[in-house]
file start.tsv (TSV, C-alpha atoms)
chain	number	residue	atom	x	y	z
A	1	MET	CA	-19.14	-16.00	23.99
A	2	GLU	CA	-21.01	-13.94	26.56
A	3	LEU	CA	-19.60	-10.42	26.60
A	4	ASN	CA	-20.20	-7.73	29.21
A	5	LEU	CA	-20.96	-4.89	26.82
A	6	HIS	CA	-22.06	-1.31	27.29
A	7	PRO	CA	-25.84	-1.12	26.69
A	8	LEU	CA	-25.27	1.12	23.67
A	9	LEU	CA	-23.07	-1.52	22.04
A	10	SER	CA	-25.08	-4.59	22.95
A	11	ARG	CA	-28.50	-3.37	21.80
A	12	SER	CA	-29.61	-5.49	18.87
A	13	ASP	CA	-32.95	-4.02	17.76
A	14	GLU	CA	-31.71	-1.94	14.84
A	15	LEU	CA	-28.92	-4.45	14.19
A	16	GLN	CA	-31.56	-6.76	12.73
A	17	ASP	CA	-32.58	-3.92	10.43
A	18	VAL	CA	-28.94	-3.68	9.31
A	19	GLU	CA	-28.88	-7.41	8.55
A	20	SER	CA	-32.11	-7.12	6.59
A	21	LEU	CA	-30.77	-4.19	4.55
A	22	MET	CA	-27.53	-6.02	3.73
A	23	LYS	CA	-29.51	-9.07	2.62
A	24	ARG	CA	-31.82	-6.92	0.48
A	25	LEU	CA	-28.84	-5.27	-1.22
A	26	VAL	CA	-27.12	-8.61	-1.80
A	27	PHE	CA	-30.22	-9.95	-3.55
A	28	GLY	CA	-31.07	-6.61	-5.17
A	29	ASP	CA	-31.41	-7.99	-8.69
A	30	GLY	CA	-33.04	-11.28	-7.75
A	31	SER	CA	-31.55	-14.72	-7.32
A	32	GLY	CA	-28.19	-15.71	-8.75
A	33	ARG	CA	-25.06	-17.63	-7.89
A	34	ILE	CA	-23.00	-14.59	-6.88
A	35	ASN	CA	-25.84	-13.27	-4.73
A	36	SER	CA	-26.05	-16.59	-2.91
A	37	ILE	CA	-22.27	-16.63	-2.40
A	38	MET	CA	-22.30	-13.17	-0.82
A	39	SER	CA	-25.27	-14.09	1.35
A	40	GLU	CA	-23.55	-17.26	2.52
A	41	HIS	CA	-20.43	-15.30	3.47
A	42	LEU	CA	-22.46	-12.81	5.52
A	43	SER	CA	-24.33	-15.65	7.23
A	44	THR	CA	-21.11	-17.04	8.74
A	45	GLY	CA	-21.46	-14.44	11.48
A	46	GLY	CA	-18.86	-12.20	13.03
A	47	LYS	CA	-19.21	-9.59	15.78
A	48	ARG	CA	-20.64	-6.95	13.41
A	49	LEU	CA	-18.40	-4.58	15.35
A	50	ARG	CA	-18.50	-1.82	12.75
A	51	ALA	CA	-22.28	-1.94	12.42
A	52	ARG	CA	-22.68	-1.98	16.20
A	53	LEU	CA	-20.34	0.97	16.52
A	54	ALA	CA	-22.18	2.97	13.87
A	55	LEU	CA	-25.49	2.48	15.67
A	56	ALA	CA	-24.10	2.90	19.19
A	57	ALA	CA	-21.96	5.94	18.44
A	58	THR	CA	-24.88	7.71	16.76
A	59	SER	CA	-26.96	7.11	19.87
A	60	ALA	CA	-24.11	8.06	22.23
A	61	LEU	CA	-23.84	11.42	20.50
A	62	GLY	CA	-27.56	12.11	20.74
A	63	GLY	CA	-28.76	10.84	17.37
A	64	LEU	CA	-31.39	8.25	16.44
A	65	ARG	CA	-30.15	4.69	15.90
A	66	ARG	CA	-32.74	3.98	13.21
A	67	GLN	CA	-31.31	6.80	11.07
A	68	ALA	CA	-27.88	5.10	11.19
A	69	VAL	CA	-29.03	1.75	9.77
A	70	GLY	CA	-27.91	2.58	6.22
A	71	TRP	CA	-24.50	3.76	7.40
A	72	ALA	CA	-24.07	0.71	9.65
A	73	ALA	CA	-24.82	-1.58	6.69
A	74	ALA	CA	-22.40	0.36	4.48
A	75	VAL	CA	-19.37	0.03	6.75
A	76	GLU	CA	-20.15	-3.62	7.52
A	77	LEU	CA	-20.41	-4.49	3.82
A	78	VAL	CA	-17.06	-2.83	3.07
A	79	HIS	CA	-15.46	-4.80	5.87
A	80	ASN	CA	-16.84	-8.11	4.63
A	81	ALA	CA	-15.80	-7.38	1.07
A	82	THR	CA	-12.22	-6.90	2.24
A	83	LEU	CA	-12.40	-10.19	4.16
A	84	ILE	CA	-13.26	-12.08	0.99
A	85	HIS	CA	-10.25	-10.58	-0.78
A	86	ASP	CA	-7.99	-11.02	2.27
A	87	ASP	CA	-8.74	-14.73	2.34
A	88	ILE	CA	-7.68	-15.03	-1.29
A	89	GLN	CA	-4.38	-13.25	-0.69
A	90	ASP	CA	-3.67	-15.12	2.54
A	91	LYS	CA	-4.89	-18.45	1.10
A	92	ASP	CA	-7.00	-18.98	4.20
A	93	GLU	CA	-9.36	-21.90	3.78
A	94	PHE	CA	-11.45	-21.19	6.89
A	95	ARG	CA	-12.93	-18.11	8.48
A	96	ARG	CA	-15.24	-18.12	11.50
A	97	GLY	CA	-15.13	-21.90	11.36
A	98	HIS	CA	-16.52	-22.03	7.79
A	99	ALA	CA	-14.94	-22.57	4.40
A	100	THR	CA	-13.85	-19.29	2.84
A	101	VAL	CA	-15.44	-18.13	-0.39
A	102	TRP	CA	-12.42	-18.82	-2.61
A	103	SER	CA	-11.78	-22.27	-1.13
A	104	LYS	CA	-15.39	-23.31	-1.73
A	105	TYR	CA	-16.27	-21.53	-4.97
A	106	GLY	CA	-12.91	-20.80	-6.59
A	107	LEU	CA	-10.81	-17.69	-7.10
A	108	ASN	CA	-12.85	-16.18	-9.92
A	109	GLU	CA	-16.15	-16.21	-8.06
A	110	ALA	CA	-14.48	-14.99	-4.86
A	111	ILE	CA	-12.99	-12.00	-6.68
A	112	ASN	CA	-16.37	-11.26	-8.24
A	113	ALA	CA	-18.17	-11.55	-4.89
A	114	GLY	CA	-15.66	-9.27	-3.17
A	115	ASP	CA	-15.80	-6.72	-5.98
A	116	LEU	CA	-19.59	-6.60	-6.02
A	117	MET	CA	-19.86	-6.41	-2.24
A	118	MET	CA	-17.44	-3.48	-2.31
A	119	MET	CA	-19.95	-1.56	-4.43
A	120	LEU	CA	-23.09	-2.30	-2.39
A	121	PRO	CA	-22.23	0.11	0.47
A	122	PHE	CA	-22.82	3.10	-1.78
A	123	SER	CA	-26.37	1.87	-2.30
A	124	ALA	CA	-26.73	1.42	1.45
A	125	ILE	CA	-25.91	5.10	1.97
A	126	GLN	CA	-29.01	5.98	-0.05
A	127	GLU	CA	-31.03	4.61	2.87
A	128	VAL	CA	-29.69	7.39	5.13
A	129	PRO	CA	-32.22	10.23	5.62
A	130	GLU	CA	-30.98	13.12	3.54
A	131	ARG	CA	-30.18	16.53	4.97
A	132	MET	CA	-27.62	19.27	4.51
A	133	ILE	CA	-24.59	19.83	6.74
A	134	ASP	CA	-22.87	23.18	6.29
A	135	GLY	CA	-24.45	23.38	2.86
A	136	VAL	CA	-23.26	19.90	1.80
A	137	SER	CA	-25.39	16.78	1.34
A	138	LEU	CA	-25.04	14.31	4.24
A	139	ARG	CA	-25.16	11.41	1.81
A	140	TRP	CA	-22.35	12.96	-0.22
A	141	LEU	CA	-20.20	13.42	2.89
A	142	LEU	CA	-20.78	9.78	3.85
A	143	THR	CA	-20.06	8.60	0.31
A	144	MET	CA	-16.76	10.45	0.19
A	145	ALA	CA	-15.81	9.27	3.69
A	146	LEU	CA	-16.44	5.67	2.68
A	147	ALA	CA	-14.52	6.09	-0.57
A	148	ARG	CA	-11.50	7.54	1.26
A	149	ALA	CA	-11.58	4.85	3.94
A	150	THR	CA	-11.81	2.06	1.36
A	151	GLN	CA	-8.88	3.47	-0.60
A	152	THR	CA	-6.86	3.62	2.62
A	153	VAL	CA	-7.77	0.03	3.54
A	154	VAL	CA	-6.54	-1.25	0.16
A	155	ARG	CA	-3.32	0.76	0.46
A	156	GLY	CA	-2.78	-0.80	3.87
A	157	GLN	CA	-3.36	-4.27	2.47
A	158	SER	CA	-0.76	-3.56	-0.20
A	159	GLN	CA	1.65	-2.26	2.43
A	160	GLU	CA	1.21	-5.51	4.35
A	161	GLN	CA	2.64	-7.42	1.41
A	162	ARG	CA	5.87	-5.37	1.73
A	163	LEU	CA	6.35	-5.72	5.47
A	164	VAL	CA	8.77	-8.59	5.01
A	165	LEU	CA	11.22	-6.06	3.51
A	166	LEU	CA	10.79	-3.62	6.41
A	167	CYS	CA	10.16	-5.84	9.39
A	168	ASP	CA	13.14	-5.23	11.67
A	169	GLY	CA	14.42	-2.28	13.65
A	170	PRO	CA	12.64	1.07	14.11
A	171	GLU	CA	11.60	1.09	10.45
A	172	GLY	CA	9.78	-2.20	10.97
A	173	GLU	CA	7.77	-0.80	13.87
A	174	ARG	CA	6.78	2.31	11.91
A	175	ALA	CA	5.86	0.29	8.82
A	176	TYR	CA	3.73	-2.14	10.80
A	177	MET	CA	1.84	0.54	12.73
A	178	GLU	CA	1.26	2.53	9.55
A	179	CYS	CA	-0.04	-0.61	7.87
A	180	VAL	CA	-2.57	-1.51	10.57
A	181	SER	CA	-3.61	2.13	10.89
A	182	GLN	CA	-4.54	2.05	7.21
A	183	LYS	CA	-5.83	-1.51	6.94
A	184	THR	CA	-7.98	-1.63	10.08
A	185	GLY	CA	-7.97	1.79	11.72
A	186	ALA	CA	-9.28	3.78	8.76
A	187	LEU	CA	-12.64	2.04	8.44
A	188	LEU	CA	-13.33	2.16	12.18
A	189	ALA	CA	-12.49	5.86	12.21
A	190	ALA	CA	-14.80	6.43	9.25
A	191	THR	CA	-17.55	4.57	11.11
A	192	ILE	CA	-17.37	7.10	13.95
A	193	TYR	CA	-17.14	10.03	11.53
A	194	GLY	CA	-20.40	9.01	9.86
A	195	ALA	CA	-22.10	8.39	13.19
A	196	ALA	CA	-21.10	11.86	14.41
A	197	LEU	CA	-22.54	13.48	11.30
A	198	LEU	CA	-25.76	11.49	11.69
A	199	ALA	CA	-25.98	12.70	15.29
A	200	GLY	CA	-25.73	16.32	14.12
A	201	CYS	CA	-22.11	17.10	14.93
A	202	PRO	CA	-20.34	19.67	12.75
A	203	ASP	CA	-17.94	18.19	10.21
A	204	VAL	CA	-14.84	19.39	12.09
A	205	VAL	CA	-16.01	17.72	15.30
A	206	ALA	CA	-16.86	14.52	13.43
A	207	GLN	CA	-13.32	14.43	12.03
A	208	GLN	CA	-11.78	14.93	15.48
A	209	LEU	CA	-13.83	12.13	17.03
A	210	ALA	CA	-13.04	9.82	14.13
A	211	SER	CA	-9.31	10.28	14.62
A	212	GLU	CA	-9.66	9.39	18.30
A	213	PHE	CA	-11.08	5.98	17.36
A	214	GLU	CA	-8.27	5.04	14.98
A	215	PRO	CA	-6.32	3.29	17.79
A	216	VAL	CA	-9.31	0.95	18.24
A	217	GLY	CA	-8.72	-0.46	14.77
A	218	MET	CA	-5.01	-0.79	15.40
A	219	LEU	CA	-5.71	-2.54	18.69
A	220	PHE	CA	-8.07	-4.92	16.93
A	221	GLN	CA	-5.39	-5.95	14.41
A	222	ILE	CA	-2.71	-6.46	17.06
A	223	GLN	CA	-5.14	-8.50	19.15
A	224	ASP	CA	-5.75	-10.60	16.04
A	225	ASP	CA	-1.98	-11.23	15.75
A	226	VAL	CA	-1.82	-12.42	19.36
A	227	LEU	CA	-5.00	-14.50	19.08
A	228	ASP	CA	-3.65	-16.48	16.14
A	229	LEU	CA	-0.67	-17.74	18.15
A	230	PHE	CA	-1.96	-17.73	21.72
A	231	GLY	CA	-5.73	-18.29	21.38
A	232	ASP	CA	-8.44	-19.70	19.13
A	233	LYS	CA	-9.11	-17.84	15.90
A	234	GLY	CA	-11.48	-20.42	14.43
A	235	ARG	CA	-8.95	-21.51	11.82
A	236	LYS	CA	-8.64	-25.20	12.82
A	237	LYS	CA	-5.15	-24.79	14.29
A	238	ARG	CA	-3.10	-22.00	15.77
A	239	GLY	CA	-0.20	-20.38	13.99
A	240	GLN	CA	-1.82	-19.94	10.59
A	241	ASP	CA	-0.23	-16.50	10.31
A	242	LEU	CA	3.17	-18.20	10.47
A	243	HIS	CA	2.17	-20.66	7.75
A	244	GLU	CA	1.10	-17.70	5.61
A	245	GLY	CA	4.40	-15.90	6.21
A	246	LYS	CA	2.54	-12.96	7.75
A	247	ILE	CA	4.58	-10.23	9.41
A	248	SER	CA	2.71	-9.70	12.67
A	249	LEU	CA	3.69	-7.29	15.43
A	250	LEU	CA	5.09	-10.31	17.28
A	251	VAL	CA	7.52	-10.87	14.41
A	252	VAL	CA	8.41	-7.18	14.29
A	253	GLU	CA	8.98	-7.01	18.03
A	254	HIS	CA	11.11	-10.16	18.11
A	255	LEU	CA	13.36	-8.88	15.35
A	256	ARG	CA	13.64	-5.53	17.08
A	257	LEU	CA	14.80	-7.30	20.22
A	258	TYR	CA	16.91	-9.93	18.46
A	259	PRO	CA	17.99	-8.69	15.01
A	260	GLU	CA	20.43	-11.60	14.78
A	261	ASP	CA	17.39	-13.92	14.41
A	262	ARG	CA	16.32	-12.33	11.13
A	263	ASP	CA	17.60	-15.11	8.84
A	264	TRP	CA	16.28	-17.87	11.13
A	265	LEU	CA	12.77	-16.43	11.41
A	266	LEU	CA	12.28	-15.06	7.90
A	267	GLU	CA	13.47	-18.34	6.35
A	268	LYS	CA	10.61	-20.10	8.12
A	269	LEU	CA	8.07	-17.46	7.13
A	270	ALA	CA	9.20	-17.60	3.50
A	271	ARG	CA	8.45	-21.28	3.09
A	272	PRO	CA	5.56	-22.34	0.87
A	273	ARG	CA	2.34	-22.90	2.78
A	274	GLY	CA	2.22	-26.32	4.40
A	275	GLN	CA	5.97	-26.77	4.71
A	276	LEU	CA	6.32	-25.32	8.20
A	277	ARG	CA	6.09	-28.22	10.65
A	278	ASP	CA	3.90	-28.06	13.74
A	279	GLU	CA	6.90	-28.42	16.02
A	280	GLU	CA	8.53	-25.42	14.31
A	281	VAL	CA	5.37	-23.38	14.89
A	282	ASP	CA	5.45	-24.38	18.54
A	283	GLU	CA	9.12	-23.36	18.74
A	284	ILE	CA	8.41	-19.90	17.33
A	285	ILE	CA	5.46	-19.38	19.66
A	286	ALA	CA	7.55	-20.41	22.67
A	287	THR	CA	10.33	-18.08	21.53
A	288	PHE	CA	7.97	-15.12	21.22
A	289	GLU	CA	6.62	-15.80	24.70
A	290	GLY	CA	9.91	-16.57	26.42
A	291	ASP	CA	12.16	-13.97	24.83
A	292	GLY	CA	9.96	-10.90	25.23
A	293	ALA	CA	8.13	-10.33	21.93
A	294	LEU	CA	4.75	-11.19	23.43
A	295	GLN	CA	5.24	-8.84	26.38
A	296	SER	CA	6.52	-6.07	24.11
A	297	THR	CA	3.48	-6.50	21.87
A	298	ILE	CA	1.15	-6.31	24.86
A	299	ASP	CA	2.98	-3.17	26.02
A	300	ARG	CA	2.19	-1.53	22.69
A	301	MET	CA	-1.44	-2.55	23.01
A	302	GLU	CA	-1.52	-0.93	26.43
A	303	MET	CA	-0.11	2.29	24.97
A	304	LEU	CA	-2.99	2.40	22.47
A	305	VAL	CA	-5.52	1.79	25.24
A	306	ASN	CA	-4.07	4.59	27.36
A	307	ARG	CA	-3.97	6.93	24.36
A	308	MET	CA	-7.73	6.58	24.01
A	309	ARG	CA	-8.45	6.78	27.72
A	310	GLU	CA	-6.49	10.02	27.99
A	311	SER	CA	-8.22	11.65	25.02
A	312	LYS	CA	-9.57	15.09	25.91
A	313	ASN	CA	-11.76	15.11	22.80
A	314	LEU	CA	-13.52	11.90	23.82
A	315	ALA	CA	-13.85	13.12	27.40
A	316	ARG	CA	-16.10	15.92	26.12
A	317	PHE	CA	-18.64	13.25	25.11
A	318	PRO	CA	-19.04	10.92	28.13
A	319	ASN	CA	-21.32	8.37	26.44
A	320	LEU	CA	-18.92	8.03	23.51
A	321	TYR	CA	-15.99	7.77	25.94
A	322	PHE	CA	-17.73	4.92	27.77
A	323	LEU	CA	-18.52	3.28	24.44
A	324	ALA	CA	-14.85	3.45	23.45
A	325	ASN	CA	-13.86	1.68	26.65
A	326	GLU	CA	-16.48	-1.03	26.21
A	327	THR	CA	-15.33	-1.52	22.62
A	328	ILE	CA	-11.80	-2.07	23.89
A	329	GLU	CA	-13.15	-4.69	26.30
A	330	MET	CA	-14.98	-6.42	23.47
A	331	ILE	CA	-11.85	-6.50	21.33
A	332	LEU	CA	-9.58	-7.81	24.06
A	333	GLU	CA	-11.98	-10.38	25.51
A	334	PRO	CA	-10.69	-13.28	23.30
A	335	ILE	CA	-7.14	-12.86	24.68
A	336	LYS	CA	-8.12	-12.02	28.24
A	337	ALA	CA	-6.23	-15.04	29.60
A	338	VAL	CA	-3.06	-13.99	27.74
A	339	LEU	CA	-3.23	-10.43	29.09
A	340	GLN	CA	-3.64	-11.40	32.72
A	341	GLY	CA	-0.49	-10.53	34.64
A	342	ARG	CA	1.08	-8.94	31.56
A	343	MET	CA	-0.88	-5.68	31.29
A	344	GLN	CA	-0.84	-3.10	34.07
A	345	THR	CA	-3.88	-1.18	32.88
A	346	ARG	CA	-7.17	-2.71	34.03
A	347	ILE	CA	-9.05	-3.62	30.87
A	348	ILE	CA	-11.65	-6.27	31.61

call {"tool": "encode", "arguments": {"input": "start.tsv", "output": "structure tokens"}}
result
Amino acid sequence: MELNLHPLLSRSDELQDVESLMKRLVFGDGSGRINSIMSEHLSTGGKRLRARLALAATSALGGLRRQAVGWAAAVELVHNATLIHDDIQDKDEFRRGHATVWSKYGLNEAINAGDLMMMLPFSAIQEVPERMIDGVSLRWLLTMALARATQTVVRGQSQEQRLVLLCDGPEGERAYMECVSQKTGALLAATIYGAALLAGCPDVVAQQLASEFEPVGMLFQIQDDVLDLFGDKGRKKRGQDLHEGKISLLVVEHLRLYPEDRDWLLEKLARPRGQLRDEEVDEIIATFEGDGALQSTIDRMEMLVNRMRESKNLARFPNLYFLANETIEMILEPIKAVLQGRMQTRII
């Protein structure tokens, strides 16, 4: 897909250096089955959004992109490690149009590959040029930031498993937003934090800028919910989240609007995978669209967009502000057709 990206985000020169570093770390101890499995997973593609953001944000804040290569590889490796584990938990057989690691190589090897890939980012940080920030090692600050973000991501993944118990009413909304803030927002925020440090920002400023980017991660996850039902997610057929029994924001919003539908909807989501008929999936999708859940979900996406656009902290750094807007465009591009006529804010 051809995307109209901000020059800072679309530049690909150092991105190739990131790919090379990830490959070198994957094959760090020579050839081997698990190394090949990790390499194959990385080769399936993806936007490399986190790596692009690490490079672009460093540049936007006045730093050198080449000095951010190690950090870009670190955050991208963490993300891909979580994808391997997510596919196991969700029982997804395809990702990016390719067989997932567990479906091709089995659960044991997938767990091993995800575990090992989760450790490689800390080696990637060693590629960052060392210096002191307020008397503290830059590499140590990045290491701790990555450790905290990874812990938060896993807590969010665990929270996602409990959403079925908390999915309706105001509590459901709070639980869902907290979950996506942890699962997706934390790593994107950490990406910006590291980039700010690499660009020479004081730690307190880096933390402020990181928090401003948390809605980007939340927006990404909500977009993913909408894409699964109303677009093409590269998973052979739409509605896989329904087959998995996933509590998306669409589910949360429908039950907020129509709490009397709780038994009807949750009974379908609770069925074993493969037992939800295609016509039932179509019925749920039509219900979400016709009865207001889709529009309510889009309204919440618009609130996140406006929250970022009105940020006074981001406004102090014009290049980073422009980058945030272009990142939003990149995230929302796959559901552009769905948003047309439903979102008042001009996005794309």

call {"tool": "residues_around", "arguments": {"input": "start.tsv", "residues": "Gly62 of chain A", "least_positions_apart": "5", "cutoff": "12 Å", "atoms": "all atoms listed in the file", "output": "PyMOL selection string"}}
result
chain A and resi 8+55-57+67-68+195-201+317-320

call {"tool": "residues_around", "arguments": {"input": "start.tsv", "residues": "His79 of chain A", "least_positions_apart": "2", "cutoff": "10 Å", "atoms": "only C-alpha atoms", "output": "PyMOL selection string"}}
result
chain A and resi 48-51+73-77+81-84+117-118+121+150+153+184+187-188

call {"tool": "residues_around", "arguments": {"input": "start.tsv", "residues": "Leu314 of chain A", "least_positions_apart": "3", "cutoff": "12 Å", "atoms": "all atoms listed in the file", "output": "list in words"}}
result
Ala57, Ala60, Leu61, Ile192, Val205, Ala206, Gln208, Leu209, Ala210, Ser211, Glu212, Phe213, Arg307, Met308, Arg309, Glu310, Ser311, Phe317, Pro318, Asn319, Leu320, Tyr321, Phe322, Leu323, Ala324 and Asn325 of chain A

call {"tool": "write_last_selection", "arguments": {"input": "start.tsv", "atoms": "C-alpha atoms", "output": "short mmCIF file (atom, residue, chain, number, x, y, z; two decimals), in the frame of the given file"}}
result
data_model
loop_
_atom_site.label_atom_id
_atom_site.label_comp_id
_atom_site.auth_asym_id
_atom_site.auth_seq_id
_atom_site.Cartn_x
_atom_site.Cartn_y
_atom_site.Cartn_z
CA ALA A 57 -21.96 5.94 18.44
CA ALA A 60 -24.11 8.06 22.23
CA LEU A 61 -23.84 11.42 20.50
CA ILE A 192 -17.37 7.10 13.95
CA VAL A 205 -16.01 17.72 15.30
CA ALA A 206 -16.86 14.52 13.43
CA GLN A 208 -11.78 14.93 15.48
CA LEU A 209 -13.83 12.13 17.03
CA ALA A 210 -13.04 9.82 14.13
CA SER A 211 -9.31 10.28 14.62
CA GLU A 212 -9.66 9.39 18.30
CA PHE A 213 -11.08 5.98 17.36
CA ARG A 307 -3.97 6.93 24.36
CA MET A 308 -7.73 6.58 24.01
CA ARG A 309 -8.45 6.78 27.72
CA GLU A 310 -6.49 10.02 27.99
CA SER A 311 -8.22 11.65 25.02
CA PHE A 317 -18.64 13.25 25.11
CA PRO A 318 -19.04 10.92 28.13
CA ASN A 319 -21.32 8.37 26.44
CA LEU A 320 -18.92 8.03 23.51
CA TYR A 321 -15.99 7.77 25.94
CA PHE A 322 -17.73 4.92 27.77
CA LEU A 323 -18.52 3.28 24.44
CA ALA A 324 -14.85 3.45 23.45
CA ASN A 325 -13.86 1.68 26.65
#

call {"tool": "closest_residue", "arguments": {"input": "start.tsv", "among": "A:Glu93, A:Asp17, A:Glu333, A:Asp291", "to": "Ala124 of chain A", "atoms": "only C-alpha atoms"}}
result
A:Asp17

call {"tool": "closest_residue", "arguments": {"input": "start.tsv", "among": "A:Glu109, A:Glu289, A:Glu14, A:Glu302", "to": "Ala54 of chain A", "atoms": "only C-alpha atoms"}}
result
A:Glu14

call {"tool": "residues_near_point", "arguments": {"input": "start.tsv", "point": "(12.3, -17.4, 5.9)", "cutoff": "12 Å", "atoms": "all atoms listed in the file", "output": "ChimeraX atom specification"}}
result
/A:164-165,242-247,251,261-273,275-276

call {"tool": "write_last_selection", "arguments": {"input": "start.tsv", "atoms": "C-alpha atoms", "output": "PDB file, in the frame of the given file"}}
result
ATOM      1  CA  VAL A 164       8.770  -8.590   5.010  1.00  0.00           C
ATOM      2  CA  LEU A 165      11.220  -6.060   3.510  1.00  0.00           C
ATOM      3  CA  LEU A 242       3.170 -18.200  10.470  1.00  0.00           C
ATOM      4  CA  HIS A 243       2.170 -20.660   7.750  1.00  0.00           C
ATOM      5  CA  GLU A 244       1.100 -17.700   5.610  1.00  0.00           C
ATOM      6  CA  GLY A 245       4.400 -15.900   6.210  1.00  0.00           C
ATOM      7  CA  LYS A 246       2.540 -12.960   7.750  1.00  0.00           C
ATOM      8  CA  ILE A 247       4.580 -10.230   9.410  1.00  0.00           C
ATOM      9  CA  VAL A 251       7.520 -10.870  14.410  1.00  0.00           C
ATOM     10  CA  ASP A 261      17.390 -13.920  14.410  1.00  0.00           C
ATOM     11  CA  ARG A 262      16.320 -12.330  11.130  1.00  0.00           C
ATOM     12  CA  ASP A 263      17.600 -15.110   8.840  1.00  0.00           C
ATOM     13  CA  TRP A 264      16.280 -17.870  11.130  1.00  0.00           C
ATOM     14  CA  LEU A 265      12.770 -16.430  11.410  1.00  0.00           C
ATOM     15  CA  LEU A 266      12.280 -15.060   7.900  1.00  0.00           C
ATOM     16  CA  GLU A 267      13.470 -18.340   6.350  1.00  0.00           C
ATOM     17  CA  LYS A 268      10.610 -20.100   8.120  1.00  0.00           C
ATOM     18  CA  LEU A 269       8.070 -17.460   7.130  1.00  0.00           C
ATOM     19  CA  ALA A 270       9.200 -17.600   3.500  1.00  0.00           C
ATOM     20  CA  ARG A 271       8.450 -21.280   3.090  1.00  0.00           C
ATOM     21  CA  PRO A 272       5.560 -22.340   0.870  1.00  0.00           C
ATOM     22  CA  ARG A 273       2.340 -22.900   2.780  1.00  0.00           C
ATOM     23  CA  GLN A 275       5.970 -26.770   4.710  1.00  0.00           C
ATOM     24  CA  LEU A 276       6.320 -25.320   8.200  1.00  0.00           C
TER      25      LEU A 276
END

call {"tool": "atom_distance", "arguments": {"input": "start.tsv", "atom1": "atom CA of Arg300 of chain A", "atom2": "atom CA of Glu279 of chain A"}}
result
28.1 Å

call {"tool": "residues_around", "arguments": {"input": "start.tsv", "residues": "segment 219-232 of chain A", "least_positions_apart": "6", "cutoff": "8 Å", "atoms": "all atoms listed in the file", "output": "compact mmCIF listing (two decimals) with C-alpha atoms, in the frame of the given file"}}
result
# COMPACT_ATOMS: atom_id res chain seq x y z
CA VAL A 180 -2.57 -1.51 10.57
CA THR A 184 -7.98 -1.63 10.08
CA ARG A 238 -3.10 -22.00 15.77
CA GLY A 239 -0.20 -20.38 13.99
CA GLN A 240 -1.82 -19.94 10.59
CA ASP A 241 -0.23 -16.50 10.31
CA SER A 248 2.71 -9.70 12.67
CA LEU A 249 3.69 -7.29 15.43
CA LEU A 250 5.09 -10.31 17.28
CA ILE A 285 5.46 -19.38 19.66
CA LEU A 294 4.75 -11.19 23.43
CA THR A 297 3.48 -6.50 21.87
CA MET A 301 -1.44 -2.55 23.01
CA LEU A 304 -2.99 2.40 22.47
CA VAL A 305 -5.52 1.79 25.24
CA ILE A 331 -11.85 -6.50 21.33
CA LEU A 332 -9.58 -7.81 24.06
CA PRO A 334 -10.69 -13.28 23.30
CA ILE A 335 -7.14 -12.86 24.68
CA VAL A 338 -3.06 -13.99 27.74

call {"tool": "closest_residue", "arguments": {"input": "start.tsv", "among": "A:Val154, A:Leu120, A:Val128, A:Leu9", "to": "Arg66 of chain A", "atoms": "all atoms listed in the file"}}
result
A:Val128

call {"tool": "closest_residue", "arguments": {"input": "start.tsv", "among": "A:Ile125, A:Ile111, A:Ala315, A:Ile34", "to": "Leu21 of chain A", "atoms": "only C-alpha atoms"}}
result
A:Ile125
